[in-house]
Structure formats: structure tokens, C-alpha cells
Amino acid sequence: MRDIAPSIRQRLFGEIPRRGWIGLAVLGIGLLLTPWIEPDFVPLMVLIFYFAYVGQAWNIMMGFAGQLSLGHSLYVGLGAYAAAIFYIKTGIGPWAGLFLAIALATAVGGLIGYLGFRFAITGVYFALLTIAFAEFCRILFDHLQFFGGSGGLYLKVENRQENDLFNLRGSPTMFYYVMLSLVALALALCRWLLSGRLGHYWLAIREDPEAAQAIGINVFRYKMYAVLLSSGMTALGGVFIAFYYNNLYPEQTFSMGRSIELLLGPIIGGIGTLFGPILGSALLVLVGEGMTDVTEAWQLPGLKQILYGMAVLLIVLFLPGGVWPWIARHLGLVKTGDGK
Amino acid sequence: MDFAFDLLQTMIKGLLTGMVYSLMALGLTVIFGVMRVVNFAHGEMMVVAMYLTVFAFGVLGIDPVVALIPVAGILFLFGYGLQRIVINRFINVPEHMQFILMLAIAIILVNACLMLAGPDAQGVQLDYSLDSFEIGSLLLDKVRVYAAAGSLLIAFTLFLFFSRTRTGKAIRAAADNYTGALVVGLDVKRLYAITFGIGAACVGAAGVLTVMIVQVQPFLSVEYTLLAFTIVIIGGLGSLRGAIAGGLLIGLSEAVAGFLLDPSLKSVFSFGLLILVLLVRPQGLFGRAP
């Protein structure tokens, strides 16, 4: 019997044109070598990888399945707090704690998804529901003394001469490679999912939920898959960022500002595309950093954010599909308008 | 007895604050009800109005009650212009694009405030700030009563505008049936701009009245945006009566939660209420079923 289903290799690597390969190879080697060539870039790159990764996770829900979440800081926060408290109380490193983090975040994500989709809450209303839960948890963690309350939760900062990958205590360069692997894995996972049945169901649901239901797709179930996967992946990002920064404050970790920060990347880069979140995060972090240098000279607080807001405004006005589809078209990476 | 008395006093205070909340939420609900645009820069507009009032009071010596009309006017022009120049191009795009557009505007507004006014809390110190009315043995802060009365008056005017004037009726027509409004020759673009102006003026007026009670800081804006959304969803997005009822309800629940538990827990109740309403009656207390 001939197997007509595409193999994993085909699903991951099929249909990539040659110049796509060259680009990927150059980018990959460049990124692997960066800590040696330009160590000063490492902290900045870790930030880019973090936003690229959580942006990719957010994109599964919004870009693929069409469910707008404005409360993703909730999953970052739950993941961060779960792994941090596990490490503090038991001394066991985050590679065990991340299971707790993912379990907790998917449980809460599942609850929000279940409530939202069962009661047919869509669009703005669903987005508001996600904000409400995030805000709810922000205030809750502010009052839970077990998690440090509003005073914050701190991880012991140890001697950073030696990298302890097992306990994730170490230099930014170690985090650089950990986060880079996460981004690469997330990209591969999304590519694989999108080329399969699940991905096509998601796109169908995003484009027209009623039509998807009519042709027999269990819309509720596949939306749930998107929320569960997205929240779990986001929580993982939270785990690593907690061990990178070593401190957590409910006011910041769960804030709406954080949720917005992490979805700007995919929106700027191109919602629903695979490279959009990565490119968007890189642009935002780099442009933001460049503006810091410029505006520091003038000593005006807020000017950086104003320019930042203007940049976002210009992009939504003139490149509403995001930057990546536009670049992909110009590089000849895609034949039609869709930027994969 | 003392407890019951204090509770009553708190509840009245909450209702008075709630009326200002209602006015703020009216602005949001009008904009959404007519053009289905979700104004995520609502709290930011409020903060801009609060700073304008502080400026008018501190530099020009104008009492907030007098500044109400010019500040609301400035916000009207701002909203009108913003709709005409930017938002109008975004009426028929997907929700998330509108959201990101409003977000960019919000970021620009709040940081302009930060840049011009600095991060410290500022307020107006009125010579009647600490006065109060006595009704029996109840004490009502004068500023709170003024703010509530102002909100009530503006809300009432708004109802009259939508039910009695030609423009108000035309706006309602455009909200009910966009194509129909175009067919009968209404200048929908202009009506939309007026609507956005009215929404901005409402939240501007609410800002003027609020700054009489609390001090303003740039980053209060996010809180106000969320508050306005909570109220409007509870009352029903697009419903005027819903915004009024939701504002009073949230004002009351915040005050009671702050009194019985802890002031920092007050928004837990609001968000809890929001989640409950979304699940049990997603169209809101006064909204029409979708």
C-alpha cells in the first residue's frame, strides 16, 4: 500500500525554495556564531528570542485559529511563578518545574477557552474575557504571600562563572542558546502543524467558523487545541524568562502592558505567518533599542514610546498585513500573496 | 448601627463616583454602538483631559467646573479629527487591526502626557475640596456631588441629543443600517466623525470631573481603559442605558469591596462581575442579543 500522507520531512521542509534555504542557513550560522563575534549583542538577542517565541505561541491562537487573546501575560506569569516557586521550595531545577508550569497554564488556558467557546463568546468579548482573567490573577498574586505578594519573588543570583544548564543558572550566553533553540523548535512545530490536518482546520475556523462547522470540523475542539497549545508554550517562555531575570512582580508580570508587548511582534511581522513573529520581535526590539540611544541624549521620558507608537501606526496604516509578507514577496520567496 | 451607617455612607459615595464612571463609559459605548470600533485609547483620552484641566487650573486659574466645556470641546475636536484622518480608514478592517491602531494612538497619547507633564501625580487643590454637604447625619463630599451632578446633566443632554435632534437621529440611523443610511443620502463619514467627537467629549468631561476627586498620573490610563470596558460590557456594548447602569454598579461594587475588604481588592470584584456577565449574559445587562 502506498502511503499518500506526506512524511514529517516533507511537511517540515517541502516547498521551501532554494533561496529560502540559503537565507535560513546564513541566518542559522550567523545566530549560532553571534555570541563569539559580538558578545555585546547577547542580552538584546535573548530579548528578541523571548518575544519571538511567545509571539509564535500567541500567533497559534490568533494567527492560526483566529482567537484574539489580550491576556497572554497570564500564561507567562503562571509559568514563571510556578517554576520559580517550585525551584525555591524544592531546589529542583526548572526542567522539572516546567511541567508544573505548563500544566498550570494549560489548565487555566483550557478553563478560559472552555468558558469562552462553550458560551459562544467571540471577538472583542473573548479578548475582554482574557484580559479579565489576567487582571484577576494580577490582583490575586499581589495578595498571595506564598508567592511573595506585591513585594515580588526573587530567585537567588549565584556566581555566574560556571553555567549550570541543569538548574538554568548561568550567563546570558547560555540563555541565548536555550532561547534560540526554543525559537527554532517553535518555528518547526508551527510549520509542521500548519502543513497538516490540524493547521488546515485552524485556518478554516479562522476564515469562517460557521462554514468550518458545516463541513464537519469540530470547531470547539480545535479552538481548544489552539488555546491549550498556545498557553502551554507561552508558559514555557515564562519559565525561562523568570530564570533569566531572577525576579517577578505581579504588577509587571501579569500586566496588560506585557500582554500587549508580546503581541506587537507578530502583528508587526505579520499575523498568521511563520516568520512574522520572529521578524516583528527583532524589528521592535532593535528599533526600540535604537530609539533609546537617540532619545537618551534629549532626556525626555516617553519620547521613545511616542516614536515607537508612531512606528506601529505607520505599519498598520501602510503595511496592514505585516512586514514579513511584504519582504517575502520582494525576495521572491512566495509565488502568491501568502507569506509562509 | 455604626457599621450600617458607614456602609450607607460608602455606598452613596460609590454611587456618586459611579455616575462619573457612567459618563466615561457612555463615550465608549457611543463610539462602539455606532461604528463598531473598539476605542482602546479611551482611558488615554481621559488622562489627556485630566491634564488639560490641571493645566487650566494651575496656569490659567480656571476652576474645573468652568473648564468642563472648553476641555470637552477640545476633546471633541480631537476625536473628530482623529476619526476623519486616521480611524475612518479602519472601519471595515478586522477587529485586531483596529485594536492595534487604537493601541498605537494610546501609546502616543499617554507618553505625550508623560513627556509634557512628568510621571508625578498632579491634582487640583480647590478651596472647596474638603467641604461637604450634610444631609441629616450623612456627609457628602462637595466635589463628588458636583462631579456626579455634572455627569448626570451631560448624560441627560446626550440622551436628548440622540432622541430629539436631526443629527442625533441620523447617527442612530447610520448605526442601525450603514448601507441604508448611505442610500438615503446621509453623510455617514461626517456622522461617524461627529460620533467619535461626542465619545471623546464625554470621556473628556468625565476626565475633568474625575480630576476634582483624584490626582492624575500618565499610567492611570490603562486602568481607566479597562474600567470603561468592564462597565460597558456589563451594561451591554453599544447601550446607553447599559453604560449608566454599569457605571453605577461598578462604582457601588468598588466602594463596597473597598469598605468591606481592602481597597486594593476593589477591581477583583469588577473583573469577577465582568467574567460572570460575559458567561451568563454576554450581550450585557441591557444589550440586544447578537
# chains A, B, ... in the order shown; residues from 1 in each chain; ligands from 1
>>> interface_residues(of="chain B", to="chain A", cutoff="7 Å", atoms="only C-alpha atoms", output="number ranges by chain")
B: 101, 104-105, 107-108, 111-112, 114-115, 268, 271, 275, 279, 282
>>> write_last_selection(atoms="N, CA and C atoms", output="PDB file, in the first residue's frame")
ATOM      1  N   LEU B 101      -4.294  49.633  15.940  1.00  0.00           N
ATOM      2  CA  LEU B 101      -4.278  51.055  15.589  1.00  0.00           C
ATOM      3  C   LEU B 101      -4.578  51.913  16.813  1.00  0.00           C
ATOM      4  N   ALA B 104      -1.716  51.950  19.203  1.00  0.00           N
ATOM      5  CA  ALA B 104      -0.632  52.860  18.823  1.00  0.00           C
ATOM      6  C   ALA B 104      -0.995  54.284  19.232  1.00  0.00           C
ATOM      7  N   ILE B 105      -2.252  54.673  18.976  1.00  0.00           N
ATOM      8  CA  ILE B 105      -2.699  56.010  19.358  1.00  0.00           C
ATOM      9  C   ILE B 105      -2.612  56.178  20.879  1.00  0.00           C
ATOM     10  N   ILE B 107      -0.606  54.610  22.952  1.00  0.00           N
ATOM     11  CA  ILE B 107       0.798  54.709  23.375  1.00  0.00           C
ATOM     12  C   ILE B 107       1.314  56.129  23.153  1.00  0.00           C
ATOM     13  N   ILE B 108       0.961  56.700  21.993  1.00  0.00           N
ATOM     14  CA  ILE B 108       1.419  58.052  21.691  1.00  0.00           C
ATOM     15  C   ILE B 108       0.831  59.057  22.693  1.00  0.00           C
ATOM     16  N   ASN B 111       2.241  58.702  26.386  1.00  0.00           N
ATOM     17  CA  ASN B 111       3.632  59.105  26.530  1.00  0.00           C
ATOM     18  C   ASN B 111       3.835  60.582  26.242  1.00  0.00           C
ATOM     19  N   ALA B 112       2.935  61.155  25.436  1.00  0.00           N
ATOM     20  CA  ALA B 112       2.971  62.606  25.270  1.00  0.00           C
ATOM     21  C   ALA B 112       2.671  63.256  26.619  1.00  0.00           C
ATOM     22  N   LEU B 114       3.232  61.915  29.527  1.00  0.00           N
ATOM     23  CA  LEU B 114       4.399  61.654  30.379  1.00  0.00           C
ATOM     24  C   LEU B 114       5.516  62.646  30.066  1.00  0.00           C
ATOM     25  N   MET B 115       5.713  62.899  28.786  1.00  0.00           N
ATOM     26  CA  MET B 115       6.803  63.765  28.371  1.00  0.00           C
ATOM     27  C   MET B 115       6.536  65.208  28.805  1.00  0.00           C
ATOM     28  N   VAL B 268     -10.961  43.365  41.819  1.00  0.00           N
ATOM     29  CA  VAL B 268     -11.252  41.932  41.736  1.00  0.00           C
ATOM     30  C   VAL B 268     -12.755  41.736  41.569  1.00  0.00           C
ATOM     31  N   PHE B 271     -13.796  42.756  37.999  1.00  0.00           N
ATOM     32  CA  PHE B 271     -13.442  41.760  36.986  1.00  0.00           C
ATOM     33  C   PHE B 271     -14.233  40.475  37.184  1.00  0.00           C
ATOM     34  N   ILE B 275     -16.548  38.791  34.347  1.00  0.00           N
ATOM     35  CA  ILE B 275     -16.478  37.404  33.896  1.00  0.00           C
ATOM     36  C   ILE B 275     -17.854  36.755  34.014  1.00  0.00           C
ATOM     37  N   LEU B 279     -20.232  35.321  30.892  1.00  0.00           N
ATOM     38  CA  LEU B 279     -20.624  33.922  30.790  1.00  0.00           C
ATOM     39  C   LEU B 279     -22.131  33.747  30.816  1.00  0.00           C
ATOM     40  N   PRO B 282     -23.689  37.351  27.802  1.00  0.00           N
ATOM     41  CA  PRO B 282     -22.587  38.028  27.110  1.00  0.00           C
ATOM     42  C   PRO B 282     -22.984  39.330  26.433  1.00  0.00           C
TER      43      PRO B 282
END
>>> select_by_dssp(residues="stretch 220-271 of chain A", states="alpha helix (DSSP H)", output="compact mmCIF listing (two decimals) with C-alpha atoms, in the first residue's frame")
# COMPACT_ATOMS: atom_id res chain seq x y z
CA PHE A 220 -14.95 23.81 19.67
CA ARG A 221 -12.39 21.04 19.93
CA TYR A 222 -9.88 22.60 17.53
CA LYS A 223 -10.18 26.02 19.11
CA MET A 224 -9.46 24.32 22.43
CA TYR A 225 -6.36 22.68 20.96
CA ALA A 226 -5.14 26.11 19.87
CA VAL A 227 -5.66 27.63 23.33
CA LEU A 228 -4.08 24.68 25.14
CA LEU A 229 -1.02 24.64 22.90
CA SER A 230 -0.64 28.41 22.94
CA SER A 231 -0.96 28.74 26.71
CA GLY A 232 1.42 25.85 27.36
CA MET A 233 4.05 27.22 25.01
CA THR A 234 3.72 30.70 26.46
CA ALA A 235 4.16 29.32 29.98
CA LEU A 236 7.42 27.73 28.88
CA GLY A 237 8.62 31.14 27.75
CA GLY A 238 7.64 32.46 31.19
CA VAL A 239 9.74 29.78 32.90
CA PHE A 240 12.89 30.77 31.05
CA ILE A 241 12.37 34.49 31.40
CA ALA A 242 11.86 34.04 35.15
CA PHE A 243 15.20 32.24 35.46
CA TYR A 244 16.83 34.82 33.23
CA TYR A 245 15.70 37.91 35.13
CA PRO A 250 2.69 40.61 39.86
CA GLU A 251 2.25 44.27 38.92
CA GLN A 252 4.59 43.79 35.97
CA THR A 253 4.44 40.11 35.12
CA MET A 256 -1.80 44.24 30.33
CA GLY A 257 1.24 46.10 29.07
CA ARG A 258 3.14 42.81 28.98
CA SER A 259 0.34 41.12 27.04
CA ILE A 260 0.40 43.92 24.51
CA GLU A 261 4.18 43.87 24.27
CA LEU A 262 4.20 40.23 23.29
CA LEU A 263 1.56 40.52 20.59
CA LEU A 264 3.06 43.57 18.89
CA GLY A 265 5.82 41.42 17.37
CA PRO A 266 3.55 39.04 15.45
CA ILE A 267 1.24 41.87 14.43
CA ILE A 268 4.09 43.98 13.06
CA GLY A 269 5.76 40.97 11.48
>>> closest_residue(among="B:Met24, B:Ile154, B:Leu75, B:Val48", to="B:Phe229", atoms="only C-alpha atoms")
B:Met24
>>> residues_around(residues="stretch 193-195 of chain A", least_positions_apart="3", cutoff="12 Å", atoms="only C-alpha atoms", output="ChimeraX atom specification")
/A:5-15,59-60,63-65,186-190,198-204,225-226,229,272-274,340
>>> select_by_dssp(residues="stretch 12-239 of chain B", states="strand (DSSP E or B)", output="list in words")
Gln122, Ser132, Phe133, Glu134, Ile135, Leu138, Leu139, Leu140, Asp141 and Val216 of chain B
>>> atom_distance(atom1="atom CA of A:Gly97", atom2="atom CA of A:Ala83")
4.6 Å
>>> atom_distance(atom1="atom CA of B:Ala245", atom2="atom CA of B:Gln9")
19.7 Å
>>> closest_residue(among="B:Gly27, B:Gly185, B:Gly180, B:Pro218", to="B:Ala117", atoms="only C-alpha atoms")
B:Pro218
>>> atom_distance(atom1="atom CA of B:Gly251", atom2="atom CA of B:Lys266")
9.8 Å
>>> residues_around(residues="B:Arg89", least_positions_apart="4", cutoff="12 Å", atoms="only C-alpha atoms", output="number ranges by chain")
A: 316-318, 320; B: 37, 82-85, 93-94, 97-98, 101, 189, 192-193
>>> closest_residue(among="B:Ile234, B:Ala205, B:Leu252, B:Lys142", to="B:Val280", atoms="only C-alpha atoms")
B:Ile234
>>> residues_around(residues="B:Phe40", least_positions_apart="4", cutoff="10 Å", atoms="only C-alpha atoms", output="VMD selection string")
chain B and resid 28 44 to 45 98 to 106 222 225 to 226 228 to 229
>>> write_last_selection(atoms="N, CA and C atoms", output="compact mmCIF listing (two decimals), in the first residue's frame")
# COMPACT_ATOMS: atom_id res chain seq x y z
N LEU B 28 -17.46 55.52 25.44
CA LEU B 28 -17.00 54.29 24.80
C LEU B 28 -18.14 53.58 24.07
N GLU B 44 -6.77 56.78 27.79
CA GLU B 44 -5.74 57.75 27.45
C GLU B 44 -6.37 59.11 27.16
N MET B 45 -7.51 59.09 26.46
CA MET B 45 -8.19 60.36 26.20
C MET B 45 -8.62 60.99 27.52
N GLN B 98 -7.93 47.14 14.02
CA GLN B 98 -8.44 48.32 14.71
C GLN B 98 -7.81 48.42 16.09
N PHE B 99 -7.73 47.26 16.73
CA PHE B 99 -7.20 47.25 18.07
C PHE B 99 -5.77 47.77 18.10
N ILE B 100 -4.97 47.29 17.16
CA ILE B 100 -3.56 47.69 17.17
C ILE B 100 -3.41 49.16 16.80
N LEU B 101 -4.29 49.63 15.94
CA LEU B 101 -4.28 51.06 15.59
C LEU B 101 -4.58 51.91 16.81
N MET B 102 -5.65 51.55 17.53
CA MET B 102 -6.02 52.33 18.71
C MET B 102 -4.93 52.24 19.77
N LEU B 103 -4.29 51.09 19.81
CA LEU B 103 -3.22 50.89 20.77
C LEU B 103 -2.06 51.83 20.48
N ALA B 104 -1.72 51.95 19.20
CA ALA B 104 -0.63 52.86 18.82
C ALA B 104 -1.00 54.28 19.23
N ILE B 105 -2.25 54.67 18.98
CA ILE B 105 -2.70 56.01 19.36
C ILE B 105 -2.61 56.18 20.88
N ALA B 106 -3.01 55.12 21.60
CA ALA B 106 -2.97 55.16 23.06
C ALA B 106 -1.54 55.36 23.55
N VAL B 222 -4.36 53.09 31.56
CA VAL B 222 -4.69 51.69 31.31
C VAL B 222 -5.83 51.25 32.22
N THR B 225 -9.03 52.65 30.90
CA THR B 225 -9.49 51.93 29.72
C THR B 225 -10.18 50.63 30.13
N LEU B 226 -9.52 49.89 31.02
CA LEU B 226 -10.10 48.62 31.46
C LEU B 226 -11.40 48.85 32.20
N ALA B 228 -13.51 51.34 31.85
CA ALA B 228 -14.56 51.70 30.90
C ALA B 228 -15.08 50.45 30.19
N PHE B 229 -14.14 49.56 29.82
CA PHE B 229 -14.56 48.34 29.14
C PHE B 229 -15.39 47.44 30.02
>>> residues_around(residues="B:Ile198", least_positions_apart="2", cutoff="8 Å", atoms="only C-alpha atoms", output="list of chain:residue names")
B:Gly27, B:Val30, B:Phe76, B:Gly79, B:Ile194, B:Thr195, B:Phe196, B:Ala200, B:Ala201, B:Cys202
>>> residues_around(residues="A:Lys156", least_positions_apart="3", cutoff="12 Å", atoms="only C-alpha atoms", output="ChimeraX atom specification")
/A:84-85,87-89,91,153,159-160,167-170,242-247
